[in-house]
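Trainee: Quick one: structure below, then a few questions.
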Number of protein chains: 2
Amino acid sequence: MGDKQERKPRADVQRNRAALLDAAQRHFLAHGVGASLEAVAKDAGVGPGTLYRHFPTREALLAAVLQTRSAELEQRRADIDHIDAPAEALRQWLRAMEDYFSSFSGLPEPLMAAARAQDADNPLTIPCDILVKATDDYVRAAQQDGHVRDAVTGYDLFLAAVSVAWTMGAADLDTESLGRLRTLIESGYREPTE
Amino acid sequence: MGDKQERKPRADVQRNRAALLDAAQRHFLAHGVGASLEAVAKDAGVGPGTLYRHFPTREALLAAVLQTRSAELEQRRADIDHIDAPAEALRQWLRAMEDYFSSFSGLPEPLMAAARAQDADNPLTIPCDILVKATDDYVRAAQQDGHVRDAVTGYDLFLAAVSVAWTMGAADLDTESLGRLRTLIESGYREPTE
DNA sequence: ATAATATCCGGAGGGTAAATCCGGTTCAAA
DNA sequence: TTTGAACCGGATTTACCCTCCGGATATTAT
């Protein structure tokens, strides 16, 4: 309707964007979310100006790279949805989110910042909201099944998952400690009956 | 014995050190632990070289500023030790640590780093070890009283307290969410009986 | 009071990285 | 092939970290 006669997007734009995403993913994996953007640009074979034109902020780049990864998470969610027991589904969903949050070292920090403020301009806010909502669905199901306290919300467990991911990264826990931490939280949200 | 004939410490050294600590505390309060050290030096009326001579790393400065604050924590611990019920003492101790960890924005990060590695050269390691040990004492007491699971350790709850502090800072929680998060952890470590 | 010297000061300077700006270039459409 | 909008890339500015060393200063000895 209001669509202008649109030009076909230039080939170099798509090429550069893809190269930037690829380089960014490599650098985020190797050096965490604080990786040098200059280095990313150089590695992608473009100048810093090109990087900043495509992705005005670090968060924008991060969100774009993360979208690549979220396919994996959605796949996992699809698997989980085949589980009958809501409590087990919730547990596995929390684990899946922890893994996702651990994609890059330092990721929990900007995720928290995005989950908090309703800065519509923060590119990470939307993915966060989706995850919170998904968690809430699992929580409600488990509550109706009587396995989770009524006072607990999806937002609470989303926060808990981010916290666990942060702790894992910050303290690089041994397996035992990590298990105890998970148990701690799990026995925190479970309905104590039975 | 092996003491050389020591010179009296120079007056300007103490003056500069005090000015640096004061300025650093103000800047850490205002801008978090990542505050510009250049700005701290300027604010203290000294050059950057002087700052780095007194405190070779950011952690060293942070540890020194924190020592100022730890008197407050020790006072609180003394109060808590007058409580009879070990479970309540543990709860209050965890709250006290959370407050301490929230002294400056961004403090949990370097604390975790120090709690992890036994870098004897990290100036924050010693304070962390002390706190872990203190927490362990409270945990053991509460366990003997039968109010805390046997599997839980002082280190676990130290980690949990740092995580909560981080979450508070990163997500600036409303009071309700914060309360739910605390309840979550509390019902996680408590002995389920009764 | 004055000289001697160990100690300390402070800023200049090199290095890294963020973010912006603009003259030149490239691509799609006519 | 021409055109011009869109795009590129790097030079630049700014901010911060951290080190180094000539000059200044406080303490001690005379």
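Labeling convention for the structure tokens: chains A, B, ... as they appear, residues from 1 per chain, ligands from 1 in order of appearance.
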Counting only C-alpha atoms (C1' of nucleotides), what is within 9 Å of range 158-167 of chain B, bar same-chain residues fewer than 6 positions away, as a PyMOL selection string?

Mentor: (chain A and resi 112+159-160+162-164+166-167+171+181) or (chain B and resi 94-95+97-102+105-109+111-112+115+131-132+135-136+173+178+181-182+185)

Trainee: Please write the residues from the selection above to a file, keeping N, CA and C atoms, as an mmCIF file, in the first residue's frame.

Mentor:
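out-v9.cif was written with the following content:
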```
data_model
loop_
_atom_site.group_PDB
_atom_site.id
_atom_site.type_symbol
_atom_site.label_atom_id
_atom_site.label_comp_id
_atom_site.auth_asym_id
_atom_site.auth_seq_id
_atom_site.Cartn_x
_atom_site.Cartn_y
_atom_site.Cartn_z
ATOM 1 N N MET A 112 20.567 -8.981 31.231
ATOM 2 C CA MET A 112 19.880 -8.424 32.387
ATOM 3 C C MET A 112 19.482 -6.985 32.125
ATOM 4 N N LEU A 159 15.050 -14.801 35.745
ATOM 5 C CA LEU A 159 16.135 -14.148 36.486
ATOM 6 C C LEU A 159 17.074 -15.184 37.088
ATOM 7 N N ALA A 160 16.492 -16.216 37.679
ATOM 8 C CA ALA A 160 17.321 -17.244 38.300
ATOM 9 C C ALA A 160 18.227 -17.897 37.273
ATOM 10 N N VAL A 162 19.345 -16.626 34.449
ATOM 11 C CA VAL A 162 20.415 -15.698 34.071
ATOM 12 C C VAL A 162 21.464 -15.644 35.175
ATOM 13 N N SER A 163 20.998 -15.632 36.418
ATOM 14 C CA SER A 163 21.938 -15.584 37.533
ATOM 15 C C SER A 163 22.833 -16.814 37.550
ATOM 16 N N VAL A 164 22.236 -17.953 37.337
ATOM 17 C CA VAL A 164 23.034 -19.179 37.321
ATOM 18 C C VAL A 164 24.062 -19.118 36.199
ATOM 19 N N TRP A 166 25.342 -16.488 34.888
ATOM 20 C CA TRP A 166 26.381 -15.530 35.272
ATOM 21 C C TRP A 166 27.355 -16.170 36.261
ATOM 22 N N THR A 167 26.804 -16.852 37.244
ATOM 23 C CA THR A 167 27.644 -17.477 38.261
ATOM 24 C C THR A 167 28.558 -18.514 37.640
ATOM 25 N N ALA A 171 32.404 -17.725 38.152
ATOM 26 C CA ALA A 171 33.107 -18.517 39.156
ATOM 27 C C ALA A 171 33.633 -19.820 38.596
ATOM 28 N N LEU A 181 24.032 -25.751 43.287
ATOM 29 C CA LEU A 181 23.362 -24.474 43.039
ATOM 30 C C LEU A 181 22.020 -24.692 42.355
ATOM 31 N N LEU B 94 23.323 -13.595 55.624
ATOM 32 C CA LEU B 94 23.249 -13.552 54.161
ATOM 33 C C LEU B 94 22.798 -12.166 53.699
ATOM 34 N N ARG B 95 21.854 -11.590 54.414
ATOM 35 C CA ARG B 95 21.403 -10.243 54.071
ATOM 36 C C ARG B 95 22.532 -9.228 54.225
ATOM 37 N N MET B 97 25.708 -9.780 53.990
ATOM 38 C CA MET B 97 26.664 -9.916 52.895
ATOM 39 C C MET B 97 26.124 -9.311 51.611
ATOM 40 N N GLU B 98 24.863 -9.542 51.339
ATOM 41 C CA GLU B 98 24.262 -8.939 50.141
ATOM 42 C C GLU B 98 24.459 -7.423 50.148
ATOM 43 N N ASP B 99 24.184 -6.816 51.265
ATOM 44 C CA ASP B 99 24.353 -5.359 51.357
ATOM 45 C C ASP B 99 25.798 -4.960 51.103
ATOM 46 N N TYR B 100 26.686 -5.719 51.707
ATOM 47 C CA TYR B 100 28.113 -5.440 51.543
ATOM 48 C C TYR B 100 28.505 -5.563 50.076
ATOM 49 N N PHE B 101 28.035 -6.593 49.423
ATOM 50 C CA PHE B 101 28.369 -6.816 48.016
ATOM 51 C C PHE B 101 27.745 -5.765 47.115
ATOM 52 N N SER B 102 26.769 -5.068 47.648
ATOM 53 C CA SER B 102 26.109 -4.035 46.849
ATOM 54 C C SER B 102 26.679 -2.656 47.129
ATOM 55 N N SER B 105 28.292 -0.464 42.539
ATOM 56 C CA SER B 105 27.782 -1.157 41.356
ATOM 57 C C SER B 105 28.925 -1.855 40.628
ATOM 58 N N GLY B 106 28.698 -3.117 40.278
ATOM 59 C CA GLY B 106 29.718 -3.877 39.568
ATOM 60 C C GLY B 106 30.674 -4.619 40.471
ATOM 61 N N LEU B 107 30.464 -4.520 41.781
ATOM 62 C CA LEU B 107 31.383 -5.177 42.709
ATOM 63 C C LEU B 107 31.353 -6.704 42.635
ATOM 64 N N PRO B 108 30.192 -7.329 42.425
ATOM 65 C CA PRO B 108 30.157 -8.796 42.397
ATOM 66 C C PRO B 108 31.142 -9.414 41.409
ATOM 67 N N GLU B 109 31.323 -8.772 40.274
ATOM 68 C CA GLU B 109 32.212 -9.335 39.247
ATOM 69 C C GLU B 109 33.630 -9.585 39.788
ATOM 70 N N LEU B 111 34.628 -9.679 42.775
ATOM 71 C CA LEU B 111 34.573 -10.545 43.958
ATOM 72 C C LEU B 111 34.555 -12.009 43.539
ATOM 73 N N MET B 112 33.734 -12.307 42.556
ATOM 74 C CA MET B 112 33.682 -13.679 42.057
ATOM 75 C C MET B 112 35.035 -14.111 41.529
ATOM 76 N N ALA B 115 37.129 -14.894 44.430
ATOM 77 C CA ALA B 115 36.707 -16.054 45.207
ATOM 78 C C ALA B 115 37.114 -17.340 44.507
ATOM 79 N N LEU B 131 34.998 -14.317 54.327
ATOM 80 C CA LEU B 131 33.537 -14.329 54.285
ATOM 81 C C LEU B 131 33.004 -15.741 54.053
ATOM 82 N N VAL B 132 33.679 -16.493 53.191
ATOM 83 C CA VAL B 132 33.245 -17.871 52.953
ATOM 84 C C VAL B 132 33.313 -18.660 54.248
ATOM 85 N N THR B 135 30.534 -17.663 56.596
ATOM 86 C CA THR B 135 29.270 -18.237 56.159
ATOM 87 C C THR B 135 29.192 -19.710 56.515
ATOM 88 N N ASP B 136 30.311 -20.383 56.339
ATOM 89 C CA ASP B 136 30.344 -21.807 56.662
ATOM 90 C C ASP B 136 30.043 -22.040 58.147
ATOM 91 N N LEU B 173 15.885 -4.805 40.791
ATOM 92 C CA LEU B 173 14.612 -5.444 41.068
ATOM 93 C C LEU B 173 13.697 -4.567 41.900
ATOM 94 N N LEU B 178 12.585 -9.061 44.395
ATOM 95 C CA LEU B 178 13.730 -9.337 45.245
ATOM 96 C C LEU B 178 13.335 -10.274 46.375
ATOM 97 N N LEU B 181 12.920 -13.716 45.080
ATOM 98 C CA LEU B 181 14.216 -14.340 44.798
ATOM 99 C C LEU B 181 14.856 -14.857 46.084
ATOM 100 N N ARG B 182 14.785 -14.040 47.126
ATOM 101 C CA ARG B 182 15.349 -14.469 48.407
ATOM 102 C C ARG B 182 14.610 -15.682 48.945
ATOM 103 N N ILE B 185 15.679 -18.881 47.235
ATOM 104 C CA ILE B 185 16.938 -19.451 47.699
ATOM 105 C C ILE B 185 16.795 -20.001 49.114
#
```

Trainee: Applying 10 Å and only C-alpha atoms (C1' of nucleotides), which residues near Ala114 in chain B remain after dropping the ones on its own chain fewer than 3 positions away? List them as a PyMOL selection string.

Mentor: (chain A and resi 170-171) or (chain B and resi 59+108-111+117-129)

Trainee: Between C:DG11, C:DA19, C:DA30, C:DT25, which one has atoms that come closest to chain A, using only C-alpha atoms (C1' of nucleotides)?

Mentor: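 For chain A, the nearest of the candidates is C:DA19.
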
Trainee: Distance table requested - range 45-111 of chain A against range 6-26 of chain D, cut-off 8 Å, only C-alpha atoms (C1' of nucleotides): one row per qualifying residue with the closest atom pair and its distance in Å to one decimal, ordered by chain and rising residue number, as CSV.

Mentor:
```
residue,atom,partner,partner_atom,distance
A:Val46,CA,D:DG9,C1',6.9
A:Gly47,CA,D:DG9,C1',4.8
A:Pro48,CA,D:DG9,C1',7.5
A:Gly49,CA,D:DG9,C1',6.8
A:Thr50,CA,D:DC8,C1',6.8
```

Trainee: Please build the interface table for chain B against chain D with a cut-off of 10 Å, listing for each qualifying residue the nearest atom pair and the distance in Å to one decimal; count only C-alpha atoms (C1' of nucleotides), order rows by chain and increasing number, and write it as CSV.

Mentor:
```
residue,atom,partner,partner_atom,distance
B:Arg7,CA,D:DT27,C1',7.6
B:Lys8,CA,D:DT27,C1',7.5
B:Pro9,CA,D:DT27,C1',8.8
B:Arg10,CA,D:DA26,C1',6.3
B:Ala11,CA,D:DA26,C1',7.6
B:Asp12,CA,D:DA26,C1',8.2
B:Ser36,CA,D:DC16,C1',7.1
B:Leu37,CA,D:DC16,C1',8.4
B:Glu38,CA,D:DC16,C1',7.5
B:Ala39,CA,D:DC16,C1',9.7
B:Pro48,CA,D:DC18,C1',8.7
B:Gly49,CA,D:DT19,C1',8.1
B:Tyr52,CA,D:DC18,C1',8.1
B:Pro56,CA,D:DC18,C1',9.5
B:Thr57,CA,D:DC18,C1',9.7
```

Trainee: Give me a file of those residues, with N, CA and C atoms, as a tab-separated table (two decimals), in the first residue's frame.

Mentor:
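Okay, this is what ended up in part.tsv:
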```
chain	number	residue	atom	x	y	z
B	7	ARG	N	63.25	4.36	58.54
B	7	ARG	CA	62.94	5.79	58.50
B	7	ARG	C	61.48	6.00	58.85
B	8	LYS	N	61.16	7.12	59.41
B	8	LYS	CA	59.76	7.42	59.68
B	8	LYS	C	59.04	7.62	58.34
B	9	PRO	N	57.86	7.08	58.18
B	9	PRO	CA	57.16	7.23	56.90
B	9	PRO	C	56.86	8.69	56.60
B	10	ARG	N	57.01	9.05	55.37
B	10	ARG	CA	56.83	10.45	54.98
B	10	ARG	C	55.38	10.88	55.13
B	11	ALA	N	55.22	12.13	55.49
B	11	ALA	CA	53.87	12.64	55.74
B	11	ALA	C	53.04	12.69	54.46
B	12	ASP	N	53.66	13.10	53.36
B	12	ASP	CA	52.89	13.24	52.12
B	12	ASP	C	52.36	11.90	51.63
B	36	SER	N	36.77	5.70	36.25
B	36	SER	CA	38.07	6.06	35.66
B	36	SER	C	39.10	6.36	36.74
B	37	LEU	N	40.21	5.63	36.69
B	37	LEU	CA	41.25	5.85	37.69
B	37	LEU	C	41.94	7.19	37.47
B	38	GLU	N	42.03	7.59	36.22
B	38	GLU	CA	42.55	8.92	35.94
B	38	GLU	C	41.75	9.97	36.70
B	39	ALA	N	40.43	9.85	36.63
B	39	ALA	CA	39.57	10.82	37.29
B	39	ALA	C	39.77	10.78	38.80
B	48	PRO	N	48.57	10.39	37.92
B	48	PRO	CA	48.27	8.97	37.77
B	48	PRO	C	49.38	8.09	38.33
B	49	GLY	N	50.61	8.52	38.17
B	49	GLY	CA	51.74	7.73	38.66
B	49	GLY	C	51.63	7.47	40.15
B	52	TYR	N	49.05	4.76	40.88
B	52	TYR	CA	49.48	3.39	40.57
B	52	TYR	C	50.61	2.93	41.48
B	56	PRO	N	48.74	-0.74	42.80
B	56	PRO	CA	49.22	-1.17	41.48
B	56	PRO	C	48.10	-1.59	40.53
B	57	THR	N	47.00	-2.06	41.06
B	57	THR	CA	45.90	-2.51	40.20
B	57	THR	C	44.58	-1.94	40.72
```

Trainee: Output as a list of chain:residue names the set of chain C residues within 9 Å of chain B, with distances taken over only C-alpha atoms (C1' of nucleotides).

Mentor: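 Close to chain B, chain C has C:DT7, C:DC8, C:DC9, C:DG10, C:DG11.
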
Trainee: For CA of Thr153 in chain A and CA of Arg116 in chain A, determine how far apart the two atoms are, in Å to one decimal place.

Mentor: 15.4 Å
